[in-house]
Amino acid sequence: MRGLVRRDLTVTVAVFSSGAVLLAVEITASRVLAPFFGNSLYVWGSLIGVVLAGLAIGYWGGGVLADRWPSTTLLIAVIVLGGLGVLAIPLIDGPVLEAVVSWDPGPRLDPLVAAVALFAAPSIVLAAVTPIAVRLRAVTLANLGSTAGRLFSVSTVGSIAGTFLAAFWLIPELGTDQLLAVAAAALFAAAAIVALGQRIALAAACAAVALGGAVAIAAANAPETGGRLTAATARNWSPVYRLRSERPLGGDVDYAGFKVLYRKDTQYHRLAVVEEGDSRILRFDSSFQSAMDLRDPFKTVYGYTDYLLLGLAYNPRAENMLFIGLGGGSAPKRVWRDFPQLQLQAVEIDPTVVDVAHRFFEVPRDRRLAITAEDGRQYLAKHDRRWDVIAIDTFYGDGVPFHMTTYEFLELARKRLATGGVIVTNLIGSLQGPDSKFFRSIYRTYRAVFPTVAVHPVLERGDSVSTDTLNVILVATESPAPSKDFLLARWRRVRAGSPAAPDLTKAIRGRVERTLPIRDVPTLTDDYAPTDALLLD
């Protein structure tokens with residue numbers, strides 16, 4: 001009886017562990033794919049679909065194997081094989097992802113092919129554990145149903161635990177490669193427990209050796225907070241997407257020249273602070289978000305930063321300004337310095353980004369620049385303060401927080417504007433052509449809420465409004481748009497009182513005066529906001 005209880009307990013541990021690791025790997029997989037494909041709906045759809053397919057195949061295959069070879073040795077072998085599969089992911093993900101990007105079968109197939117190549121096999125193997133365990137524990141047909149139900153329930157509870165552990169604790173605390181090594185170690189530990197419970201000495205020894213190796217790999221891959229980016233880790237930061245348009249580059253680019261000051265997997269990003277020459281750069285996943293000139297921390301590095309001050313050109317009497325989205329804090333700290341009469345508030349969803357902005361990008365800790373770690377839409381919903389200018393800078397080239405693109409969100413933001421208030425928004429998109437649907441859909445949504453929506457493309461050297469993907473600033477207000485000459489004269493008066501403020505002549509002169517076509521794109525709503533499809537199609 002004691003042996004039966006011991007075997008039942010060890011099998012339960014194995015089933016729980018396989019379920020926990022499978023879902024932890026699925027959550028972690030989003031961070032493996034994010035530097036190459038972002039965190040779009042297509043990425044998550046690919047991961048969920050591949051894992052579900054792996055479960056279906058693994059359940060069937062595990063049942064077939066269990067009927068042919070119903071032994072504890074088979075269970076141990078499958079668990080160990082699953083651990084090896086998980087451990088192999090950080091070893092092969094770089095070459096696999098680079099090969100998929102080079103092939104580039106399309107925005108939908110890119111993450112799907114990568115997910116199949118990296119995560120299908122481990123999903124199948126780990127799913128096979130539970131039906132094998134059911135076969136081993138089912139003593140008679142009379143208790144087959146209860147045995148199967150109990151073990152599948154244990155596996156699901158393990159999956160829930162793995163999901164919460166990975167999402168709420170392990171990913172923010174561990175590097176991605178380290179987390180995968182820890183997951184593999186958990187499987188090897190489970191295999192050793194099963195082997196010891198059944199007194200299979202050789203299997204227990206092999207599992208223990210594998211466990212030790214996985215622990216050593218986990219320790220070796222502890223997150224770095226400094227040092228230079230080596231060739232071995234450069235693959236994790238491959239610049240697959242270019243800075244502003246974030247479209248694939250043709251050919252390999254060496255990242256070994258960057259000095260890494262800090263990197264961390266947060267709840268929302270794979271974040272890194274790197275330096276090259278006189279520039280310090282904040283990177284999220286596949287894109288560069290902010291940059292600072294080390295010689296002059298307030299100097300503009302990315303042109304769109306200055307364009308966000310168009311809100312003050314349209315509303316020069318502003319006394320306060322809200323920034324939704326912080327990044328490295330380039331715009332908020334510039335306004336803080338140049339306009340000492342303004343009260344500023346920044347809202348950033350990721351607390352780690354707030355810490356990084358203070359530590360590495362010289363964002364001041366000052367009562368005049370308050371920073372809150374919260375979702376921007378939730379902040380507006382909770383606080384009824386009226387703002388003279390609201391600056392929204394939360395969008396990426398390969399994904400957007402869709403809930404801050406919709407009609408309902410803009411209605412909420414409009415209600416939080418003071419009389420004469422302005423919303424100024426930074427977007428990435430094309431104004432015309434086949435790649436313009438995303439931008440024109442956002443533009444249509446803004447026009448559904450505001451009577452005046454001005455378009456200011458951020459033109460760098462060689463850029464073309466007609467062909468290129470650009471940063472584009474939208475300025476939305478209840479009042480009619482002043483003429484360009486009037487705005488220029490007004491901004492000259494503003495600069496007379498704030499001489500350090502940037503010259504916005506180019507930004508104002510570049511305003512698009514024609515109305516953009518919007519009949520073929522939707523108004524985005526909370527119920528229907530296909531931002532991923534619009535962005536990538």
# chains A, B, ... in the order shown; residues from 1 in each chain; ligands from 1
>>> residues_around(residues="A:Val86", least_positions_apart="2", cutoff="10 Å", atoms="only C-alpha atoms", output="PyMOL selection string")
chain A and resi 21-22+25+80-84+88-91+118-119+121-123+126+180-185+187
>>> residues_around(residues="stretch 145-150 of chain A", least_positions_apart="5", cutoff="8 Å", atoms="only C-alpha atoms", output="list in words")
Pro131, Val134, Arg137 and Ala138 of chain A
>>> residues_around(residues="A:Pro111", least_positions_apart="6", cutoff="9 Å", atoms="only C-alpha atoms", output="ChimeraX atom specification")
/A:33,36-37,42-47,97,100
>>> residues_around(residues="A:Val154", least_positions_apart="5", cutoff="9 Å", atoms="only C-alpha atoms", output="list in words")
Thr12, Val13, Val15, Phe16, Gly19, Gly149 and Ser159 of chain A
>>> atom_distance(atom1="atom CA of A:Arg495", atom2="atom CA of A:Arg385")
27.7 Å
>>> atom_distance(atom1="atom CA of A:Leu151", atom2="atom CA of A:Val129")
10.2 Å
>>> atom_distance(atom1="atom CA of A:Glu26", atom2="atom CA of A:Ala190")
19.4 Å
>>> closest_residue(among="A:Val96, A:Ile27, A:Leu282, A:Ala117", to="A:Thr163", atoms="only C-alpha atoms")
A:Ile27
>>> residues_around(residues="A:His383", least_positions_apart="6", cutoff="12 Å", atoms="only C-alpha atoms", output="list in words")
Leu322, Val347, Glu374, Gly376, Arg377, Leu412, Ala413, Lys415, Arg416 and Leu417 of chain A
>>> write_last_selection(atoms="all heavy atoms", output="short mmCIF file (atom, residue, chain, number, x, y, z; two decimals), in the first residue's frame")
data_model
loop_
_atom_site.label_atom_id
_atom_site.label_comp_id
_atom_site.auth_asym_id
_atom_site.auth_seq_id
_atom_site.Cartn_x
_atom_site.Cartn_y
_atom_site.Cartn_z
N LEU A 322 -0.12 66.84 -19.95
CA LEU A 322 -0.10 65.42 -19.58
C LEU A 322 0.57 64.62 -20.69
O LEU A 322 0.21 64.75 -21.86
CB LEU A 322 -1.54 64.92 -19.38
CG LEU A 322 -1.72 63.40 -19.21
CD1 LEU A 322 -1.09 62.91 -17.92
CD2 LEU A 322 -3.21 63.03 -19.26
N VAL A 347 2.42 59.62 -17.47
CA VAL A 347 1.83 58.33 -17.09
C VAL A 347 2.49 57.25 -17.93
O VAL A 347 2.50 57.33 -19.17
CB VAL A 347 0.31 58.32 -17.32
CG1 VAL A 347 -0.29 56.98 -16.90
CG2 VAL A 347 -0.36 59.44 -16.54
N GLU A 374 0.99 53.67 -14.46
CA GLU A 374 -0.39 53.23 -14.64
C GLU A 374 -0.71 53.23 -16.13
O GLU A 374 -0.09 53.95 -16.92
CB GLU A 374 -1.34 54.17 -13.89
CG GLU A 374 -2.78 53.69 -13.82
CD GLU A 374 -3.65 54.56 -12.92
OE1 GLU A 374 -3.14 55.56 -12.39
OE2 GLU A 374 -4.84 54.24 -12.77
N GLY A 376 -2.45 54.42 -19.33
CA GLY A 376 -2.88 55.78 -19.63
C GLY A 376 -4.39 55.94 -19.67
O GLY A 376 -4.94 56.94 -19.19
N ARG A 377 -5.09 54.97 -20.24
CA ARG A 377 -6.54 55.07 -20.32
C ARG A 377 -7.16 54.95 -18.93
O ARG A 377 -8.10 55.69 -18.60
CB ARG A 377 -7.09 54.00 -21.26
CG ARG A 377 -8.60 54.06 -21.43
CD ARG A 377 -9.05 53.25 -22.62
NE ARG A 377 -10.51 53.20 -22.72
CZ ARG A 377 -11.18 52.68 -23.74
NH1 ARG A 377 -10.52 52.20 -24.79
NH2 ARG A 377 -12.49 52.66 -23.75
N LEU A 412 -13.06 59.94 -24.15
CA LEU A 412 -12.62 60.11 -22.77
C LEU A 412 -11.55 61.19 -22.68
O LEU A 412 -11.59 62.07 -21.81
CB LEU A 412 -12.09 58.79 -22.22
CG LEU A 412 -11.41 58.83 -20.85
CD1 LEU A 412 -12.40 59.28 -19.78
CD2 LEU A 412 -10.83 57.45 -20.51
N ALA A 413 -10.57 61.13 -23.59
CA ALA A 413 -9.50 62.13 -23.58
C ALA A 413 -10.05 63.53 -23.85
O ALA A 413 -9.61 64.51 -23.24
CB ALA A 413 -8.44 61.76 -24.62
N LYS A 415 -12.94 64.69 -23.05
CA LYS A 415 -13.59 65.16 -21.83
C LYS A 415 -12.59 65.65 -20.79
O LYS A 415 -12.95 66.40 -19.87
CB LYS A 415 -14.45 64.05 -21.23
CG LYS A 415 -15.66 63.68 -22.09
CD LYS A 415 -16.41 62.50 -21.49
CE LYS A 415 -17.58 62.10 -22.37
NZ LYS A 415 -18.30 60.91 -21.84
N ARG A 416 -11.34 65.22 -20.90
CA ARG A 416 -10.31 65.64 -19.95
C ARG A 416 -9.53 66.86 -20.43
O ARG A 416 -8.57 67.28 -19.78
CB ARG A 416 -9.33 64.48 -19.69
CG ARG A 416 -9.99 63.26 -19.06
CD ARG A 416 -10.49 63.56 -17.65
NE ARG A 416 -11.09 62.38 -17.04
CZ ARG A 416 -12.40 62.15 -16.97
NH1 ARG A 416 -13.26 63.03 -17.48
NH2 ARG A 416 -12.86 61.06 -16.40
N LEU A 417 -9.94 67.46 -21.54
CA LEU A 417 -9.30 68.67 -22.03
C LEU A 417 -9.97 69.90 -21.44
O LEU A 417 -11.20 69.97 -21.34
CB LEU A 417 -9.37 68.75 -23.56
CG LEU A 417 -8.47 67.81 -24.36
CD1 LEU A 417 -8.75 67.98 -25.85
CD2 LEU A 417 -7.00 68.06 -24.05
#
>>> select_by_dssp(residues="stretch 343-458 of chain A", states="strand (DSSP E)", output="mmCIF file with all heavy atoms, in the first residue's frame")
data_model
loop_
_atom_site.group_PDB
_atom_site.id
_atom_site.type_symbol
_atom_site.label_atom_id
_atom_site.label_comp_id
_atom_site.auth_asym_id
_atom_site.auth_seq_id
_atom_site.Cartn_x
_atom_site.Cartn_y
_atom_site.Cartn_z
ATOM 1 N N GLN A 343 3.024 72.915 -15.311
ATOM 2 C CA GLN A 343 2.923 71.751 -14.435
ATOM 3 C C GLN A 343 2.768 70.523 -15.317
ATOM 4 O O GLN A 343 1.893 70.472 -16.185
ATOM 5 C CB GLN A 343 1.730 71.885 -13.492
ATOM 6 C CG GLN A 343 1.894 72.958 -12.432
ATOM 7 C CD GLN A 343 2.996 72.616 -11.443
ATOM 8 O OE1 GLN A 343 3.163 71.458 -11.061
ATOM 9 N NE2 GLN A 343 3.751 73.624 -11.035
ATOM 10 N N LEU A 344 3.607 69.503 -15.106
ATOM 11 C CA LEU A 344 3.655 68.343 -15.987
ATOM 12 C C LEU A 344 3.310 67.070 -15.235
ATOM 13 O O LEU A 344 3.656 66.898 -14.056
ATOM 14 C CB LEU A 344 5.055 68.214 -16.603
ATOM 15 C CG LEU A 344 5.608 69.463 -17.304
ATOM 16 C CD1 LEU A 344 7.022 69.206 -17.788
ATOM 17 C CD2 LEU A 344 4.710 69.861 -18.469
ATOM 18 N N GLN A 345 2.645 66.179 -15.941
ATOM 19 C CA GLN A 345 2.316 64.845 -15.425
ATOM 20 C C GLN A 345 2.601 63.838 -16.527
ATOM 21 O O GLN A 345 2.178 64.018 -17.670
ATOM 22 C CB GLN A 345 0.849 64.766 -15.029
ATOM 23 C CG GLN A 345 0.334 63.365 -14.721
ATOM 24 C CD GLN A 345 0.854 62.819 -13.399
ATOM 25 O OE1 GLN A 345 0.687 63.427 -12.361
ATOM 26 N NE2 GLN A 345 1.488 61.648 -13.435
ATOM 27 N N ALA A 346 3.340 62.787 -16.202
ATOM 28 C CA ALA A 346 3.587 61.701 -17.146
ATOM 29 C C ALA A 346 2.986 60.417 -16.584
ATOM 30 O O ALA A 346 3.036 60.170 -15.370
ATOM 31 C CB ALA A 346 5.081 61.515 -17.402
ATOM 32 N N VAL A 347 2.415 59.616 -17.471
ATOM 33 C CA VAL A 347 1.827 58.330 -17.090
ATOM 34 C C VAL A 347 2.492 57.251 -17.931
ATOM 35 O O VAL A 347 2.498 57.331 -19.168
ATOM 36 C CB VAL A 347 0.306 58.323 -17.316
ATOM 37 C CG1 VAL A 347 -0.286 56.980 -16.900
ATOM 38 C CG2 VAL A 347 -0.358 59.443 -16.544
ATOM 39 N N GLU A 348 3.066 56.255 -17.277
ATOM 40 C CA GLU A 348 3.785 55.173 -17.960
ATOM 41 C C GLU A 348 3.340 53.845 -17.357
ATOM 42 O O GLU A 348 3.374 53.665 -16.139
ATOM 43 C CB GLU A 348 5.295 55.355 -17.793
ATOM 44 C CG GLU A 348 6.140 54.153 -18.137
ATOM 45 C CD GLU A 348 5.979 53.688 -19.578
ATOM 46 O OE1 GLU A 348 6.052 54.542 -20.485
ATOM 47 O OE2 GLU A 348 5.762 52.472 -19.791
ATOM 48 N N LEU A 369 7.241 67.809 -12.266
ATOM 49 C CA LEU A 369 7.120 66.715 -13.223
ATOM 50 C C LEU A 369 6.766 65.440 -12.462
ATOM 51 O O LEU A 369 7.624 64.682 -12.034
ATOM 52 C CB LEU A 369 8.421 66.532 -14.020
ATOM 53 C CG LEU A 369 8.493 65.331 -14.978
ATOM 54 C CD1 LEU A 369 7.321 65.344 -15.956
ATOM 55 C CD2 LEU A 369 9.816 65.310 -15.717
ATOM 56 N N ALA A 370 5.467 65.228 -12.279
ATOM 57 C CA ALA A 370 4.988 64.027 -11.584
ATOM 58 C C ALA A 370 4.929 62.866 -12.566
ATOM 59 O O ALA A 370 4.579 63.053 -13.736
ATOM 60 C CB ALA A 370 3.617 64.279 -10.979
ATOM 61 N N ILE A 371 5.273 61.678 -12.113
ATOM 62 C CA ILE A 371 5.239 60.484 -12.967
ATOM 63 C C ILE A 371 4.475 59.393 -12.226
ATOM 64 O O ILE A 371 4.783 59.071 -11.077
ATOM 65 C CB ILE A 371 6.652 59.999 -13.324
ATOM 66 C CG1 ILE A 371 7.430 61.101 -14.048
ATOM 67 C CG2 ILE A 371 6.577 58.748 -14.188
ATOM 68 C CD1 ILE A 371 8.859 60.742 -14.376
ATOM 69 N N THR A 372 3.490 58.817 -12.903
ATOM 70 C CA THR A 372 2.652 57.774 -12.335
ATOM 71 C C THR A 372 2.778 56.509 -13.171
ATOM 72 O O THR A 372 2.716 56.569 -14.400
ATOM 73 C CB THR A 372 1.173 58.214 -12.301
ATOM 74 O OG1 THR A 372 1.058 59.408 -11.529
ATOM 75 C CG2 THR A 372 0.293 57.129 -11.696
ATOM 76 N N ALA A 373 2.965 55.371 -12.521
ATOM 77 C CA ALA A 373 3.031 54.084 -13.217
ATOM 78 C C ALA A 373 1.619 53.508 -13.306
ATOM 79 O O ALA A 373 1.105 52.935 -12.343
ATOM 80 C CB ALA A 373 3.962 53.122 -12.485
ATOM 81 N N TRP A 387 -6.849 69.080 -18.708
ATOM 82 C CA TRP A 387 -5.492 69.348 -19.184
ATOM 83 C C TRP A 387 -5.522 70.294 -20.373
ATOM 84 O O TRP A 387 -6.391 70.196 -21.234
ATOM 85 C CB TRP A 387 -4.800 68.046 -19.576
ATOM 86 C CG TRP A 387 -4.645 67.095 -18.430
ATOM 87 C CD1 TRP A 387 -5.479 66.070 -18.097
ATOM 88 C CD2 TRP A 387 -3.611 67.106 -17.448
ATOM 89 N NE1 TRP A 387 -5.045 65.434 -16.975
ATOM 90 C CE2 TRP A 387 -3.888 66.053 -16.547
ATOM 91 C CE3 TRP A 387 -2.490 67.896 -17.235
ATOM 92 C CZ2 TRP A 387 -3.075 65.774 -15.461
ATOM 93 C CZ3 TRP A 387 -1.667 67.615 -16.148
ATOM 94 C CH2 TRP A 387 -1.967 66.570 -15.283
ATOM 95 N N ASP A 388 -4.535 71.181 -20.433
ATOM 96 C CA ASP A 388 -4.421 72.089 -21.570
ATOM 97 C C ASP A 388 -3.818 71.383 -22.782
ATOM 98 O O ASP A 388 -4.190 71.683 -23.921
ATOM 99 C CB ASP A 388 -3.565 73.301 -21.194
ATOM 100 C CG ASP A 388 -4.196 74.135 -20.089
ATOM 101 O OD1 ASP A 388 -5.414 74.381 -20.177
ATOM 102 O OD2 ASP A 388 -3.484 74.516 -19.142
ATOM 103 N N VAL A 389 -2.889 70.486 -22.544
ATOM 104 C CA VAL A 389 -2.286 69.685 -23.625
ATOM 105 C C VAL A 389 -2.154 68.254 -23.123
ATOM 106 O O VAL A 389 -1.669 68.018 -22.010
ATOM 107 C CB VAL A 389 -0.898 70.219 -24.043
ATOM 108 C CG1 VAL A 389 -0.309 69.347 -25.153
ATOM 109 C CG2 VAL A 389 -0.978 71.672 -24.508
ATOM 110 N N ILE A 390 -2.593 67.303 -23.951
ATOM 111 C CA ILE A 390 -2.358 65.881 -23.685
ATOM 112 C C ILE A 390 -1.503 65.344 -24.824
ATOM 113 O O ILE A 390 -1.902 65.401 -25.999
ATOM 114 C CB ILE A 390 -3.669 65.082 -23.598
ATOM 115 C CG1 ILE A 390 -4.521 65.587 -22.427
ATOM 116 C CG2 ILE A 390 -3.376 63.589 -23.427
ATOM 117 C CD1 ILE A 390 -5.881 64.901 -22.310
ATOM 118 N N ALA A 391 -0.310 64.836 -24.498
ATOM 119 C CA ALA A 391 0.598 64.256 -25.494
ATOM 120 C C ALA A 391 0.563 62.740 -25.355
ATOM 121 O O ALA A 391 0.818 62.201 -24.273
ATOM 122 C CB ALA A 391 2.015 64.778 -25.291
ATOM 123 N N ILE A 392 0.249 62.035 -26.453
ATOM 124 C CA ILE A 392 0.138 60.575 -26.458
ATOM 125 C C ILE A 392 1.284 60.005 -27.283
ATOM 126 O O ILE A 392 1.397 60.270 -28.483
ATOM 127 C CB ILE A 392 -1.217 60.127 -27.032
ATOM 128 C CG1 ILE A 392 -2.368 60.729 -26.218
ATOM 129 C CG2 ILE A 392 -1.322 58.605 -27.040
ATOM 130 C CD1 ILE A 392 -3.744 60.491 -26.821
ATOM 131 N N LEU A 417 -9.940 67.458 -21.544
ATOM 132 C CA LEU A 417 -9.298 68.669 -22.032
ATOM 133 C C LEU A 417 -9.967 69.903 -21.443
ATOM 134 O O LEU A 417 -11.198 69.973 -21.339
ATOM 135 C CB LEU A 417 -9.373 68.753 -23.558
ATOM 136 C CG LEU A 417 -8.469 67.814 -24.365
ATOM 137 C CD1 LEU A 417 -8.750 67.985 -25.847
ATOM 138 C CD2 LEU A 417 -6.997 68.060 -24.047
ATOM 139 N N ALA A 418 -9.152 70.878 -21.085
ATOM 140 C CA ALA A 418 -9.675 72.183 -20.686
ATOM 141 C C ALA A 418 -10.127 72.934 -21.934
ATOM 142 O O ALA A 418 -9.854 72.520 -23.072
ATOM 143 C CB ALA A 418 -8.598 72.965 -19.941
ATOM 144 N N THR A 419 -10.806 74.044 -21.750
ATOM 145 C CA THR A 419 -11.231 74.865 -22.878
ATOM 146 C C THR A 419 -10.014 75.293 -23.695
ATOM 147 O O THR A 419 -9.024 75.794 -23.140
ATOM 148 C CB THR A 419 -11.977 76.114 -22.380
ATOM 149 O OG1 THR A 419 -13.109 75.705 -21.610
ATOM 150 C CG2 THR A 419 -12.444 76.966 -23.548
ATOM 151 N N GLY A 420 -10.079 75.082 -25.002
ATOM 152 C CA GLY A 420 -8.936 75.376 -25.863
ATOM 153 C C GLY A 420 -7.863 74.309 -25.834
ATOM 154 O O GLY A 420 -6.780 74.497 -26.398
ATOM 155 N N GLY A 421 -8.130 73.172 -25.174
ATOM 156 C CA GLY A 421 -7.135 72.117 -25.035
ATOM 157 C C GLY A 421 -6.810 71.417 -26.335
ATOM 158 O O GLY A 421 -7.572 71.453 -27.308
ATOM 159 N N VAL A 422 -5.662 70.750 -26.351
ATOM 160 C CA VAL A 422 -5.113 70.118 -27.550
ATOM 161 C C VAL A 422 -4.627 68.719 -27.203
ATOM 162 O O VAL A 422 -4.051 68.503 -26.128
ATOM 163 C CB VAL A 422 -3.930 70.949 -28.104
ATOM 164 C CG1 VAL A 422 -3.281 70.237 -29.288
ATOM 165 C CG2 VAL A 422 -4.385 72.329 -28.516
ATOM 166 N N ILE A 423 -4.874 67.779 -28.109
ATOM 167 C CA ILE A 423 -4.245 66.456 -28.017
ATOM 168 C C ILE A 423 -3.230 66.349 -29.142
ATOM 169 O O ILE A 423 -3.547 66.598 -30.320
ATOM 170 C CB ILE A 423 -5.276 65.330 -28.121
ATOM 171 C CG1 ILE A 423 -6.161 65.307 -26.877
ATOM 172 C CG2 ILE A 423 -4.589 63.975 -28.288
ATOM 173 C CD1 ILE A 423 -7.213 64.222 -26.873
ATOM 174 N N VAL A 424 -2.004 65.999 -28.797
ATOM 175 C CA VAL A 424 -0.944 65.814 -29.790
ATOM 176 C C VAL A 424 -0.447 64.379 -29.661
ATOM 177 O O VAL A 424 -0.094 63.920 -28.576
ATOM 178 C CB VAL A 424 0.185 66.849 -29.597
ATOM 179 C CG1 VAL A 424 0.743 66.807 -28.191
ATOM 180 C CG2 VAL A 424 1.295 66.633 -30.613
ATOM 181 N N THR A 425 -0.461 63.643 -30.789
ATOM 182 C CA THR A 425 -0.213 62.197 -30.767
ATOM 183 C C THR A 425 0.879 61.831 -31.762
ATOM 184 O O THR A 425 0.855 62.268 -32.920
ATOM 185 C CB THR A 425 -1.490 61.420 -31.125
ATOM 186 O OG1 THR A 425 -2.524 61.780 -30.217
ATOM 187 C CG2 THR A 425 -1.262 59.923 -31.059
ATOM 188 N N ASN A 426 1.824 61.009 -31.310
ATOM 189 C CA ASN A 426 2.879 60.506 -32.184
ATOM 190 C C ASN A 426 2.478 59.138 -32.731
ATOM 191 O O ASN A 426 2.163 58.219 -31.974
ATOM 192 C CB ASN A 426 4.200 60.379 -31.417
ATOM 193 C CG ASN A 426 5.293 59.741 -32.263
ATOM 194 O OD1 ASN A 426 5.453 60.065 -33.428
ATOM 195 N ND2 ASN A 426 6.040 58.821 -31.662
ATOM 196 N N LEU A 427 2.480 59.020 -34.066
ATOM 197 C CA LEU A 427 2.153 57.767 -34.735
ATOM 198 C C LEU A 427 3.281 57.373 -35.670
ATOM 199 O O LEU A 427 4.146 58.198 -36.000
ATOM 200 C CB LEU A 427 0.859 57.912 -35.550
ATOM 201 C CG LEU A 427 -0.416 58.243 -34.794
ATOM 202 C CD1 LEU A 427 -1.509 58.638 -35.767
ATOM 203 C CD2 LEU A 427 -0.854 57.048 -33.974
ATOM 204 N N ILE A 428 3.258 56.135 -36.113
ATOM 205 C CA ILE A 428 4.177 55.669 -37.145
ATOM 206 C C ILE A 428 3.333 55.103 -38.277
ATOM 207 O O ILE A 428 2.513 54.212 -38.050
ATOM 208 C CB ILE A 428 5.144 54.595 -36.611
ATOM 209 C CG1 ILE A 428 5.985 55.159 -35.469
ATOM 210 C CG2 ILE A 428 6.049 54.081 -37.723
ATOM 211 C CD1 ILE A 428 6.864 54.130 -34.788
ATOM 212 N N GLY A 429 3.496 55.628 -39.478
ATOM 213 C CA GLY A 429 2.684 55.138 -40.583
ATOM 214 C C GLY A 429 2.959 55.883 -41.869
ATOM 215 O O GLY A 429 3.809 56.771 -41.933
ATOM 216 N N THR A 452 -11.273 69.428 -35.605
ATOM 217 C CA THR A 452 -10.015 69.818 -36.239
ATOM 218 C C THR A 452 -8.942 68.775 -35.932
ATOM 219 O O THR A 452 -8.663 68.496 -34.756
ATOM 220 C CB THR A 452 -9.538 71.198 -35.738
ATOM 221 O OG1 THR A 452 -10.521 72.182 -36.071
ATOM 222 C CG2 THR A 452 -8.210 71.575 -36.373
ATOM 223 N N VAL A 453 -8.363 68.190 -36.983
ATOM 224 C CA VAL A 453 -7.261 67.234 -36.843
ATOM 225 C C VAL A 453 -6.186 67.624 -37.844
ATOM 226 O O VAL A 453 -6.372 67.492 -39.060
ATOM 227 C CB VAL A 453 -7.714 65.783 -37.084
ATOM 228 C CG1 VAL A 453 -6.533 64.830 -36.888
ATOM 229 C CG2 VAL A 453 -8.859 65.407 -36.152
ATOM 230 N N ALA A 454 -5.068 68.127 -37.349
ATOM 231 C CA ALA A 454 -3.959 68.554 -38.208
ATOM 232 C C ALA A 454 -2.915 67.449 -38.284
ATOM 233 O O ALA A 454 -2.652 66.749 -37.299
ATOM 234 C CB ALA A 454 -3.341 69.835 -37.670
ATOM 235 N N VAL A 455 -2.306 67.308 -39.469
ATOM 236 C CA VAL A 455 -1.328 66.244 -39.726
ATOM 237 C C VAL A 455 0.031 66.880 -39.984
ATOM 238 O O VAL A 455 0.196 67.671 -40.926
ATOM 239 C CB VAL A 455 -1.751 65.397 -40.939
ATOM 240 C CG1 VAL A 455 -0.702 64.331 -41.232
ATOM 241 C CG2 VAL A 455 -3.118 64.765 -40.691
ATOM 242 N N HIS A 456 1.012 66.527 -39.139
ATOM 243 C CA HIS A 456 2.375 67.057 -39.272
ATOM 244 C C HIS A 456 3.353 65.886 -39.425
ATOM 245 O O HIS A 456 3.794 65.306 -38.435
ATOM 246 C CB HIS A 456 2.754 67.874 -38.036
ATOM 247 C CG HIS A 456 1.986 69.136 -37.860
ATOM 248 N ND1 HIS A 456 2.445 70.360 -38.281
ATOM 249 C CD2 HIS A 456 0.760 69.369 -37.309
ATOM 250 C CE1 HIS A 456 1.554 71.298 -37.992
ATOM 251 N NE2 HIS A 456 0.521 70.718 -37.398
ATOM 252 N N PRO A 457 3.707 65.505 -40.658
ATOM 253 C CA PRO A 457 4.696 64.436 -40.842
ATOM 254 C C PRO A 457 6.082 64.885 -40.387
ATOM 255 O O PRO A 457 6.469 66.041 -40.594
ATOM 256 C CB PRO A 457 4.661 64.169 -42.346
ATOM 257 C CG PRO A 457 4.130 65.417 -42.947
ATOM 258 C CD PRO A 457 3.196 66.020 -41.933
#
>>> residues_around(residues="stretch 52-67 of chain A", least_positions_apart="6", cutoff="6 Å", atoms="only C-alpha atoms", output="list in words")
Ala120, Ser123, Ile124, Val125, Ala127, Ala128, Pro131 and Ile132 of chain A
>>> write_last_selection(atoms="N, CA and C atoms", output="PDB file, in the first residue's frame")
ATOM      1  N   ALA A 120       6.765  23.705 -31.111  1.00  0.00           N
ATOM      2  CA  ALA A 120       5.855  22.589 -31.382  1.00  0.00           C
ATOM      3  C   ALA A 120       6.338  21.293 -30.730  1.00  0.00           C
ATOM      4  N   SER A 123       6.030  21.140 -26.929  1.00  0.00           N
ATOM      5  CA  SER A 123       4.614  21.073 -26.550  1.00  0.00           C
ATOM      6  C   SER A 123       4.078  19.659 -26.715  1.00  0.00           C
ATOM      7  N   ILE A 124       4.421  19.003 -27.808  1.00  0.00           N
ATOM      8  CA  ILE A 124       3.956  17.637 -28.060  1.00  0.00           C
ATOM      9  C   ILE A 124       4.481  16.681 -26.996  1.00  0.00           C
ATOM     10  N   VAL A 125       5.780  16.779 -26.715  1.00  0.00           N
ATOM     11  CA  VAL A 125       6.393  15.861 -25.752  1.00  0.00           C
ATOM     12  C   VAL A 125       5.809  16.067 -24.353  1.00  0.00           C
ATOM     13  N   ALA A 127       2.913  17.311 -23.533  1.00  0.00           N
ATOM     14  CA  ALA A 127       1.507  16.882 -23.499  1.00  0.00           C
ATOM     15  C   ALA A 127       1.382  15.374 -23.358  1.00  0.00           C
ATOM     16  N   ALA A 128       2.391  14.635 -23.820  1.00  0.00           N
ATOM     17  CA  ALA A 128       2.329  13.171 -23.761  1.00  0.00           C
ATOM     18  C   ALA A 128       2.443  12.629 -22.343  1.00  0.00           C
ATOM     19  N   PRO A 131      -1.297  11.418 -20.546  1.00  0.00           N
ATOM     20  CA  PRO A 131      -1.908  10.132 -20.906  1.00  0.00           C
ATOM     21  C   PRO A 131      -1.057   8.924 -20.505  1.00  0.00           C
ATOM     22  N   ILE A 132       0.262   9.084 -20.511  1.00  0.00           N
ATOM     23  CA  ILE A 132       1.114   7.985 -20.036  1.00  0.00           C
ATOM     24  C   ILE A 132       0.879   7.758 -18.545  1.00  0.00           C
TER      25      ILE A 132
END
>>> select_by_dssp(residues="stretch 296-484 of chain A", states="helix (DSSP H, G or I)", output="PyMOL selection string")
chain A and resi 304-307+310-314+330-338+351-360+376-382+402-404+407-415+437-449+484
